[in-house]
$ cat my_file.pdb   # PDB, C-alpha atoms, pLDDT in the B column
ATOM      1  CA  MET A   9       8.578 -16.362   3.223  1.00 60.00           C
ATOM      2  CA  ASN A  10       8.391 -15.657  -0.494  1.00 74.00           C
ATOM      3  CA  SER A  11       4.893 -14.288  -1.002  1.00 89.00           C
ATOM      4  CA  ILE A  12       1.818 -13.078   0.863  1.00 95.00           C
ATOM      5  CA  ASP A  13      -1.850 -12.514   0.046  1.00 97.00           C
ATOM      6  CA  VAL A  14      -3.011  -8.940  -0.489  1.00 97.00           C
ATOM      7  CA  ILE A  15      -6.662  -7.870  -0.748  1.00 97.00           C
ATOM      8  CA  ILE A  16      -7.384  -5.114  -3.265  1.00 97.00           C
ATOM      9  CA  GLU A  17      -9.402  -2.195  -1.904  1.00 97.00           C
ATOM     10  CA  THR A  18      -8.970   0.455  -4.610  1.00 97.00           C
ATOM     11  CA  PRO A  19      -8.008  -0.378  -8.201  1.00 97.00           C
ATOM     12  CA  ARG A  20      -5.414   1.472 -10.237  1.00 95.00           C
ATOM     13  CA  GLY A  21      -6.909   4.451 -12.074  1.00 95.00           C
ATOM     14  CA  SER A  22      -9.858   4.823  -9.699  1.00 96.00           C
ATOM     15  CA  LYS A  23     -10.888   8.293  -8.611  1.00 95.00           C
ATOM     16  CA  TYR A  24     -12.860   6.691  -5.768  1.00 96.00           C
ATOM     17  CA  LYS A  25     -11.242   5.401  -2.562  1.00 94.00           C
ATOM     18  CA  TYR A  26     -12.764   2.138  -1.360  1.00 96.00           C
ATOM     19  CA  LYS A  27     -12.313   0.765   2.148  1.00 94.00           C
ATOM     20  CA  PHE A  28     -13.119  -2.690   3.449  1.00 94.00           C
ATOM     21  CA  ASP A  29     -15.626  -2.598   6.323  1.00 93.00           C
ATOM     22  CA  PRO A  30     -15.038  -5.682   8.517  1.00 90.00           C
ATOM     23  CA  GLU A  31     -18.367  -5.161  10.341  1.00 93.00           C
ATOM     24  CA  THR A  32     -20.436  -5.568   7.160  1.00 95.00           C
ATOM     25  CA  ASN A  33     -17.834  -7.673   5.304  1.00 93.00           C
ATOM     26  CA  ARG A  34     -18.273  -5.348   2.313  1.00 94.00           C
ATOM     27  CA  PHE A  35     -16.384  -2.612   0.531  1.00 95.00           C
ATOM     28  CA  ARG A  36     -17.583   0.933   1.127  1.00 95.00           C
ATOM     29  CA  VAL A  37     -16.960   3.931  -1.128  1.00 96.00           C
ATOM     30  CA  LYS A  38     -15.040   6.178   1.249  1.00 93.00           C
ATOM     31  CA  LYS A  39     -14.359   9.284  -0.845  1.00 91.00           C
ATOM     32  CA  LEU A  40     -14.040  10.875  -4.261  1.00 92.00           C
ATOM     33  CA  LEU A  41     -10.621  12.249  -5.122  1.00 89.00           C
ATOM     34  CA  PRO A  42     -10.371  15.766  -6.622  1.00 84.00           C
ATOM     35  CA  ALA A  43     -10.577  16.247 -10.388  1.00 84.00           C
ATOM     36  CA  GLY A  44      -7.516  14.898 -12.156  1.00 84.00           C
ATOM     37  CA  LEU A  45      -6.364  12.714  -9.251  1.00 87.00           C
ATOM     38  CA  ALA A  46      -6.557   8.919  -9.414  1.00 92.00           C
ATOM     39  CA  PHE A  47      -4.809   6.029  -7.688  1.00 93.00           C
ATOM     40  CA  PRO A  48      -1.550   5.350  -9.571  1.00 91.00           C
ATOM     41  CA  TYR A  49      -1.513   1.636  -8.642  1.00 92.00           C
ATOM     42  CA  ASP A  50      -3.824  -0.894  -7.034  1.00 96.00           C
ATOM     43  CA  PHE A  51      -4.074  -0.141  -3.335  1.00 95.00           C
ATOM     44  CA  GLY A  52      -4.817  -2.869  -0.840  1.00 96.00           C
ATOM     45  CA  PHE A  53      -3.919  -4.417   2.474  1.00 97.00           C
ATOM     46  CA  ILE A  54      -2.411  -7.501   4.064  1.00 96.00           C
ATOM     47  CA  PRO A  55      -5.116  -9.328   6.025  1.00 94.00           C
ATOM     48  CA  ASP A  56      -4.465 -10.238   9.668  1.00 92.00           C
ATOM     49  CA  THR A  57      -1.988  -7.369  10.133  1.00 93.00           C
ATOM     50  CA  LYS A  58      -2.377  -4.193  12.132  1.00 90.00           C
ATOM     51  CA  GLY A  59      -0.281  -1.070  11.658  1.00 88.00           C
ATOM     52  CA  ASP A  60       0.183   1.869  14.025  1.00 86.00           C
ATOM     53  CA  ASP A  61      -2.956   3.511  12.589  1.00 84.00           C
ATOM     54  CA  GLY A  62      -5.063   0.504  13.650  1.00 87.00           C
ATOM     55  CA  ASP A  63      -5.699  -0.552  10.046  1.00 90.00           C
ATOM     56  CA  PRO A  64      -4.146  -3.498   8.189  1.00 94.00           C
ATOM     57  CA  LEU A  65      -0.793  -2.759   6.495  1.00 95.00           C
ATOM     58  CA  ASP A  66      -1.160  -0.783   3.237  1.00 94.00           C
ATOM     59  CA  VAL A  67       0.168  -2.194  -0.039  1.00 96.00           C
ATOM     60  CA  LEU A  68       0.694  -0.680  -3.486  1.00 94.00           C
ATOM     61  CA  ILE A  69       0.638  -3.375  -6.161  1.00 93.00           C
ATOM     62  CA  PHE A  70       2.689  -2.704  -9.258  1.00 88.00           C
ATOM     63  CA  ALA A  71       0.845  -4.423 -12.092  1.00 87.00           C
ATOM     64  CA  GLU A  72       0.050  -3.494 -15.682  1.00 83.00           C
ATOM     65  CA  ASP A  73      -3.708  -3.837 -15.258  1.00 89.00           C
ATOM     66  CA  PRO A  74      -5.998  -3.092 -12.313  1.00 94.00           C
ATOM     67  CA  PHE A  75      -7.609  -5.837 -10.247  1.00 95.00           C
ATOM     68  CA  LEU A  76     -11.177  -5.783  -8.941  1.00 95.00           C
ATOM     69  CA  PRO A  77     -11.835  -4.603  -5.378  1.00 94.00           C
ATOM     70  CA  GLY A  78     -12.027  -7.663  -3.124  1.00 95.00           C
ATOM     71  CA  SER A  79      -9.592  -9.676  -5.244  1.00 96.00           C
ATOM     72  CA  ILE A  80      -6.987 -11.646  -3.315  1.00 97.00           C
ATOM     73  CA  ILE A  81      -3.614 -11.459  -5.035  1.00 95.00           C
ATOM     74  CA  GLU A  82      -0.548 -13.464  -4.047  1.00 95.00           C
ATOM     75  CA  CYS A  83       2.266 -10.898  -4.057  1.00 95.00           C
ATOM     76  CA  GLN A  84       6.018 -10.693  -3.840  1.00 92.00           C
ATOM     77  CA  ILE A  85       7.204  -7.887  -1.550  1.00 92.00           C
ATOM     78  CA  ILE A  86       9.631  -5.494  -3.250  1.00 89.00           C
ATOM     79  CA  GLY A  87      10.161  -2.952  -0.467  1.00 89.00           C
ATOM     80  CA  ALA A  88       8.331  -0.042   1.134  1.00 91.00           C
ATOM     81  CA  ILE A  89       8.111   3.705   1.333  1.00 91.00           C
ATOM     82  CA  LYS A  90       8.691   4.301   5.024  1.00 92.00           C
ATOM     83  CA  ALA A  91       6.447   7.115   6.227  1.00 90.00           C
ATOM     84  CA  LYS A  92       4.981   8.869   9.182  1.00 91.00           C
ATOM     85  CA  GLN A  93       1.529  10.397   9.229  1.00 88.00           C
ATOM     86  CA  ILE A  94       0.560  13.308  11.452  1.00 87.00           C
ATOM     87  CA  SER A  95      -3.125  13.693  12.312  1.00 84.00           C
ATOM     88  CA  ASP A  96      -4.673  15.723  15.126  1.00 85.00           C
ATOM     89  CA  GLY A  97      -1.252  16.169  16.714  1.00 85.00           C
ATOM     90  CA  ALA A  98      -0.549  12.419  16.801  1.00 88.00           C
ATOM     91  CA  THR A  99       2.334  10.970  14.775  1.00 91.00           C
ATOM     92  CA  LEU A 100       2.038   7.373  13.544  1.00 89.00           C
ATOM     93  CA  ARG A 101       4.075   5.175  11.227  1.00 89.00           C
ATOM     94  CA  ASN A 102       2.059   4.461   8.075  1.00 89.00           C
ATOM     95  CA  ASP A 103       4.400   2.808   5.568  1.00 92.00           C
ATOM     96  CA  ARG A 104       3.319   1.966   2.019  1.00 92.00           C
ATOM     97  CA  ILE A 105       4.496  -1.530   1.115  1.00 94.00           C
ATOM     98  CA  ILE A 106       5.393  -2.040  -2.539  1.00 92.00           C
ATOM     99  CA  ALA A 107       4.592  -5.426  -4.107  1.00 93.00           C
ATOM    100  CA  MET A 108       4.089  -7.177  -7.414  1.00 90.00           C
ATOM    101  CA  PRO A 109       1.703 -10.028  -8.226  1.00 92.00           C
ATOM    102  CA  ALA A 110       3.597 -13.316  -7.841  1.00 89.00           C
ATOM    103  CA  LEU A 111       2.071 -14.624 -11.054  1.00 84.00           C
ATOM    104  CA  THR A 112       3.678 -11.805 -13.060  1.00 66.00           C
ATOM    105  CA  MET A 113       7.108 -11.813 -11.425  1.00 55.00           C
ATOM    106  CA  GLU A 114       9.469 -12.127 -14.353  1.00 56.00           C
ATOM    107  CA  LYS A 115      12.285  -9.997 -13.010  1.00 52.00           C
ATOM    108  CA  GLY A 116      14.401 -10.366  -9.927  1.00 49.00           C
ATOM    109  CA  GLU A 117      13.879  -8.010  -7.007  1.00 49.00           C
ATOM    110  CA  GLU A 118      17.013  -6.007  -7.848  1.00 46.00           C
ATOM    111  CA  VAL A 119      15.790  -5.247 -11.381  1.00 46.00           C
ATOM    112  CA  VAL A 120      12.356  -4.222 -10.124  1.00 50.00           C
ATOM    113  CA  LEU A 121      13.884  -1.907  -7.534  1.00 52.00           C
ATOM    114  CA  GLN A 122      16.000  -0.307 -10.267  1.00 49.00           C
ATOM    115  CA  ASP A 123      12.773   0.223 -12.257  1.00 56.00           C
ATOM    116  CA  LEU A 124      11.426   2.215  -9.307  1.00 63.00           C
ATOM    117  CA  SER A 125      13.197   5.361 -10.349  1.00 68.00           C
ATOM    118  CA  ARG A 126      13.661   8.203  -7.919  1.00 72.00           C
ATOM    119  CA  GLN A 127      11.114  10.152 -10.001  1.00 73.00           C
ATOM    120  CA  LYS A 128       8.485   7.409  -9.614  1.00 79.00           C
ATOM    121  CA  ILE A 129       9.066   7.204  -5.854  1.00 81.00           C
ATOM    122  CA  THR A 130       8.820  11.012  -5.606  1.00 83.00           C
ATOM    123  CA  GLU A 131       5.542  10.904  -7.565  1.00 84.00           C
ATOM    124  CA  LEU A 132       4.149   8.310  -5.130  1.00 85.00           C
ATOM    125  CA  GLU A 133       5.312  10.314  -2.123  1.00 86.00           C
ATOM    126  CA  ASN A 134       3.667  13.438  -3.597  1.00 84.00           C
ATOM    127  CA  PHE A 135       0.427  11.530  -4.269  1.00 88.00           C
ATOM    128  CA  PHE A 136       0.194  10.341  -0.655  1.00 87.00           C
ATOM    129  CA  SER A 137       1.230  13.760   0.668  1.00 85.00           C
ATOM    130  CA  TYR A 138      -1.549  15.477  -1.287  1.00 84.00           C
ATOM    131  CA  TYR A 139      -4.050  12.682  -0.591  1.00 82.00           C
ATOM    132  CA  ASN A 140      -3.457  12.969   3.176  1.00 80.00           C
ATOM    133  CA  LYS A 141      -3.456  16.780   3.088  1.00 84.00           C
ATOM    134  CA  MET A 142      -7.035  16.644   1.747  1.00 79.00           C
ATOM    135  CA  GLU A 143      -8.008  14.894   4.995  1.00 80.00           C
ATOM    136  CA  GLY A 144      -6.161  17.330   7.230  1.00 83.00           C
ATOM    137  CA  LYS A 145      -3.275  14.907   7.738  1.00 86.00           C
ATOM    138  CA  GLU A 146       0.412  15.233   6.960  1.00 85.00           C
ATOM    139  CA  PHE A 147       2.359  12.459   5.192  1.00 88.00           C
ATOM    140  CA  LYS A 148       6.156  12.520   5.458  1.00 88.00           C
ATOM    141  CA  SER A 149       8.363  10.030   3.663  1.00 86.00           C
ATOM    142  CA  LEU A 150      11.237   8.568   5.675  1.00 90.00           C
ATOM    143  CA  GLY A 151      12.919   6.867   2.707  1.00 86.00           C
ATOM    144  CA  LEU A 152      12.777   3.353   1.302  1.00 87.00           C
ATOM    145  CA  SER A 153      13.200  -0.034   2.919  1.00 87.00           C
ATOM    146  CA  SER A 154      14.417  -3.198   1.233  1.00 88.00           C
ATOM    147  CA  ALA A 155      12.313  -6.304   0.720  1.00 87.00           C
ATOM    148  CA  LYS A 156      14.056  -7.984   3.676  1.00 91.00           C
ATOM    149  CA  GLU A 157      13.412  -5.029   6.014  1.00 90.00           C
ATOM    150  CA  THR A 158       9.795  -4.892   4.814  1.00 91.00           C
ATOM    151  CA  TRP A 159       9.259  -8.633   5.451  1.00 92.00           C
ATOM    152  CA  ASN A 160      10.568  -8.147   9.008  1.00 90.00           C
ATOM    153  CA  MET A 161       8.113  -5.282   9.543  1.00 88.00           C
ATOM    154  CA  ILE A 162       5.224  -7.387   8.175  1.00 91.00           C
ATOM    155  CA  LYS A 163       6.126 -10.262  10.533  1.00 89.00           C
ATOM    156  CA  GLU A 164       6.077  -7.842  13.504  1.00 85.00           C
ATOM    157  CA  GLN A 165       2.577  -6.625  12.558  1.00 82.00           C
ATOM    158  CA  TYR A 166       1.113 -10.033  11.680  1.00 76.00           C
ATOM    159  CA  SER A 167      -1.601 -11.223  14.041  1.00 65.00           C
ATOM    160  CA  GLY A 168      -2.717 -14.288  12.103  1.00 52.00           C
ATOM    161  CA  HIS A 169      -1.014 -17.544  11.248  1.00 45.00           C
ATOM    162  CA  GLU A 170       2.673 -17.701  10.350  1.00 46.00           C
ATOM    163  CA  ALA A 171       3.383 -15.150   7.582  1.00 42.00           C
TER     164      ALA A 171
END
$ encode --input "my_file.pdb" --output "structure tokens"
Amino acid sequence: MNSIDVIIETPRGSKYKYKFDPETNRFRVKKLLPAGLAFPYDFGFIPDTKGDDGDPLDVLIFAEDPFLPGSIIECQIIGAIKAKQISDGATLRNDRIIAMPALTMEKGEEVVLQDLSRQKITELENFFSYYNKMEGKEFKSLGLSSAKETWNMIKEQYSGHEA
């Protein structure tokens, strides 16, 4: 498995969080982020997957420009920020998969992972920590996983055709 389709929910730079509503087959504006806060990268999901939170697996797409909500992007998986989320006393795994559009992959995985500096990962962890805190949830990072480990996790959560 070299790539997988990701559907964009919220574009990079957006101060609005969009969420796909499978009942209406449309995107709904879910919330407005506080002043000064915006999504650092495109945020989407892998269709036909289901994480511990009952939603499809979350994906951050590292690209220079934002994509439109609803766009389907073929992506290469780079790794993931492993995380747990605590809400109403329940603890769930809610990892954030990191990917890049396949059409822009110019570097090997190792180079891209080196580009993900500790500072950038910390910034992403802080964004999701603050973002979840606004909803009365707690987000705790459990470290990073490699592309291979992330692919294995995706395969375990895949309910559709062969990933």
$ resolve_selection --input "my_file.pdb" --expression "the PyMOL selection byres ((chain A and resi 22-26) around 8)" --output "list of chain:residue names"
A:Glu17, A:Thr18, A:Pro19, A:Arg20, A:Gly21, A:Lys27, A:Phe28, A:Phe35, A:Arg36, A:Val37, A:Lys38, A:Lys39, A:Leu40, A:Leu41, A:Pro42, A:Leu45, A:Ala46, A:Phe47, A:Pro77
$ residues_around --input "my_file.pdb" --residues "Cys83 of chain A" --least-positions-apart "6" --cutoff "6 Å" --atoms "only C-alpha atoms" --output "list in words"
Ser11, Ile12, Ala107, Met108, Pro109 and Ala110 of chain A
$ atom_distance --input "my_file.pdb" --atom1 "atom CA of Met161 of chain A" --atom2 "atom CA of Leu65 of chain A"
9.7 Å
$ resolve_selection --input "my_file.pdb" --expression "the PyMOL selection byres ((chain A and resi 56) around 12)" --output "count of residues only"
26
$ residues_around --input "my_file.pdb" --residues "Ile16 of chain A" --least-positions-apart "5" --cutoff "8 Å" --atoms "only C-alpha atoms" --output "PyMOL selection string"
chain A and resi 50-53+75-81
$ closest_residue --input "my_file.pdb" --among "A:Phe135, A:Ile105, A:Tyr49, A:Ala98" --to "Trp159 of chain A" --atoms "all atoms listed in the file"
A:Ile105
$ resolve_selection --input "my_file.pdb" --expression "the PyMOL selection byres ((chain A and resi 129) around 12)" --output "CSV table (one decimal) with C-alpha atoms, in the frame of the given file"
chain,number,residue,atom,x,y,z
A,48,PRO,CA,-1.6,5.4,-9.6
A,68,LEU,CA,0.7,-0.7,-3.5
A,87,GLY,CA,10.2,-3.0,-0.5
A,88,ALA,CA,8.3,0.0,1.1
A,89,ILE,CA,8.1,3.7,1.3
A,90,LYS,CA,8.7,4.3,5.0
A,104,ARG,CA,3.3,2.0,2.0
A,106,ILE,CA,5.4,-2.0,-2.5
A,121,LEU,CA,13.9,-1.9,-7.5
A,122,GLN,CA,16.0,-0.3,-10.3
A,123,ASP,CA,12.8,0.2,-12.3
A,124,LEU,CA,11.4,2.2,-9.3
A,125,SER,CA,13.2,5.4,-10.3
A,126,ARG,CA,13.7,8.2,-7.9
A,127,GLN,CA,11.1,10.2,-10.0
A,128,LYS,CA,8.5,7.4,-9.6
A,130,THR,CA,8.8,11.0,-5.6
A,131,GLU,CA,5.5,10.9,-7.6
A,132,LEU,CA,4.1,8.3,-5.1
A,133,GLU,CA,5.3,10.3,-2.1
A,134,ASN,CA,3.7,13.4,-3.6
A,135,PHE,CA,0.4,11.5,-4.3
A,136,PHE,CA,0.2,10.3,-0.7
A,149,SER,CA,8.4,10.0,3.7
A,150,LEU,CA,11.2,8.6,5.7
A,151,GLY,CA,12.9,6.9,2.7
A,152,LEU,CA,12.8,3.4,1.3
